[in-house]
Amino acid sequence: MTARRSFCLIVLACLLAGCASFGPPSSAPGTDVPRIAALRFDPESIEAGGTTRMSFYFEVGSADLDQAYVIDRGISQFQFFTALRAIQISLKQYNGIVAGTADLDLKWATAGYRYLEVYVVSVKGNVSNRLYGGFTVR
């Protein structure tokens, strides 16, 4: 019976760790706080080593987007995983724009289903809401 309890505790710990949110919490709503919406990937299925375009709508009253952060959560080789460090992407090309659509190319080498968490940060350090979306790497 002890082995079964240990197994259940390990499974529970893994599930809870996979649900954890990494990175800074979202800032309280305000005019200088970025907000993002409508996350999508085109195409939604790519070959390993291929590129997909990640797009999302953004609004920030201070027009000072700085960085996007992408956290890779997914299933690869029948294993669920969560990256502990976010991938940082510069959004300097959108600095000075109050609202618009950000288009970013992402390249993936490892096959599996990619479930991404995305948020952006302004130059002042304000953190947006988080969006989640997925695509397949074959």
# chains A, B, ... in the order shown; residues from 1 in each chain; ligands from 1
call {"tool": "select_by_dssp", "arguments": {"residues": "region 17-138 of chain A", "states": "strand (DSSP E or B)", "output": "number ranges by chain"}}
result
A: 35-42, 45-46, 51-59, 65-76, 79-82, 87-90, 99-107, 112-122, 127, 131-137
call {"tool": "residues_around", "arguments": {"residues": "Gln88 (chain A)", "least_positions_apart": "6", "cutoff": "12 Å", "atoms": "only C-alpha atoms", "output": "list of chain:residue names"}}
result
A:Gly23, A:Asp66, A:Gln67, A:Ala68, A:Tyr69, A:Val70, A:Ile71, A:Asp72, A:Leu104, A:Leu106, A:Val118, A:Tyr119, A:Val120, A:Val121
call {"tool": "write_last_selection", "arguments": {"atoms": "N, CA and C atoms", "output": "CSV table (one decimal), in the first residue's frame"}}
result
chain,number,residue,atom,x,y,z
A,23,GLY,N,7.0,33.4,-13.7
A,23,GLY,CA,7.2,34.8,-14.1
A,23,GLY,C,6.4,35.7,-13.2
A,66,ASP,N,8.0,46.3,-24.6
A,66,ASP,CA,9.4,46.1,-24.5
A,66,ASP,C,9.8,44.6,-24.9
A,67,GLN,N,9.2,43.6,-24.2
A,67,GLN,CA,9.5,42.2,-24.3
A,67,GLN,C,8.2,41.4,-24.3
A,68,ALA,N,8.3,40.3,-25.0
A,68,ALA,CA,7.3,39.2,-24.9
A,68,ALA,C,8.0,38.0,-24.3
A,69,TYR,N,7.3,37.3,-23.5
A,69,TYR,CA,7.8,36.1,-22.8
A,69,TYR,C,6.9,34.9,-23.2
A,70,VAL,N,7.6,33.8,-23.6
A,70,VAL,CA,6.9,32.6,-24.1
A,70,VAL,C,7.3,31.5,-23.2
A,71,ILE,N,6.4,30.8,-22.5
A,71,ILE,CA,6.7,29.7,-21.7
A,71,ILE,C,6.2,28.4,-22.4
A,72,ASP,N,7.1,27.5,-22.7
A,72,ASP,CA,6.7,26.3,-23.4
A,72,ASP,C,6.3,25.2,-22.4
A,104,LEU,N,5.1,37.4,-34.7
A,104,LEU,CA,6.5,36.9,-34.4
A,104,LEU,C,6.6,35.5,-34.9
A,106,LEU,N,8.3,31.9,-34.8
A,106,LEU,CA,8.9,30.9,-33.9
A,106,LEU,C,9.3,29.7,-34.6
A,118,VAL,N,1.9,33.0,-23.0
A,118,VAL,CA,2.5,34.2,-23.6
A,118,VAL,C,2.1,35.4,-22.7
A,119,TYR,N,3.0,36.3,-22.4
A,119,TYR,CA,2.7,37.6,-21.8
A,119,TYR,C,3.7,38.6,-22.2
A,120,VAL,N,3.4,39.9,-22.1
A,120,VAL,CA,4.3,41.0,-22.6
A,120,VAL,C,4.5,41.9,-21.4
A,121,VAL,N,5.7,42.6,-21.5
A,121,VAL,CA,6.1,43.6,-20.4
A,121,VAL,C,6.4,44.9,-21.1
call {"tool": "residues_around", "arguments": {"residues": "Ile97 (chain A)", "least_positions_apart": "2", "cutoff": "8 Å", "atoms": "only C-alpha atoms", "output": "NGL selection string"}}
result
:A and (60 or 63-64 or 94-95 or 99-100)
call {"tool": "closest_residue", "arguments": {"among": "A:Leu116, A:Ile46, A:Ile89, A:Val137", "to": "Ala102 (chain A)", "atoms": "only C-alpha atoms"}}
result
A:Ile89
call {"tool": "atom_distance", "arguments": {"atom1": "CA of Val123 (chain A)", "atom2": "CA of Pro34 (chain A)"}}
result
10.4 Å
call {"tool": "closest_residue", "arguments": {"among": "A:Arg35, A:Arg114, A:Lys107, A:Lys92", "to": "Leu131 (chain A)", "atoms": "only C-alpha atoms"}}
result
A:Arg35
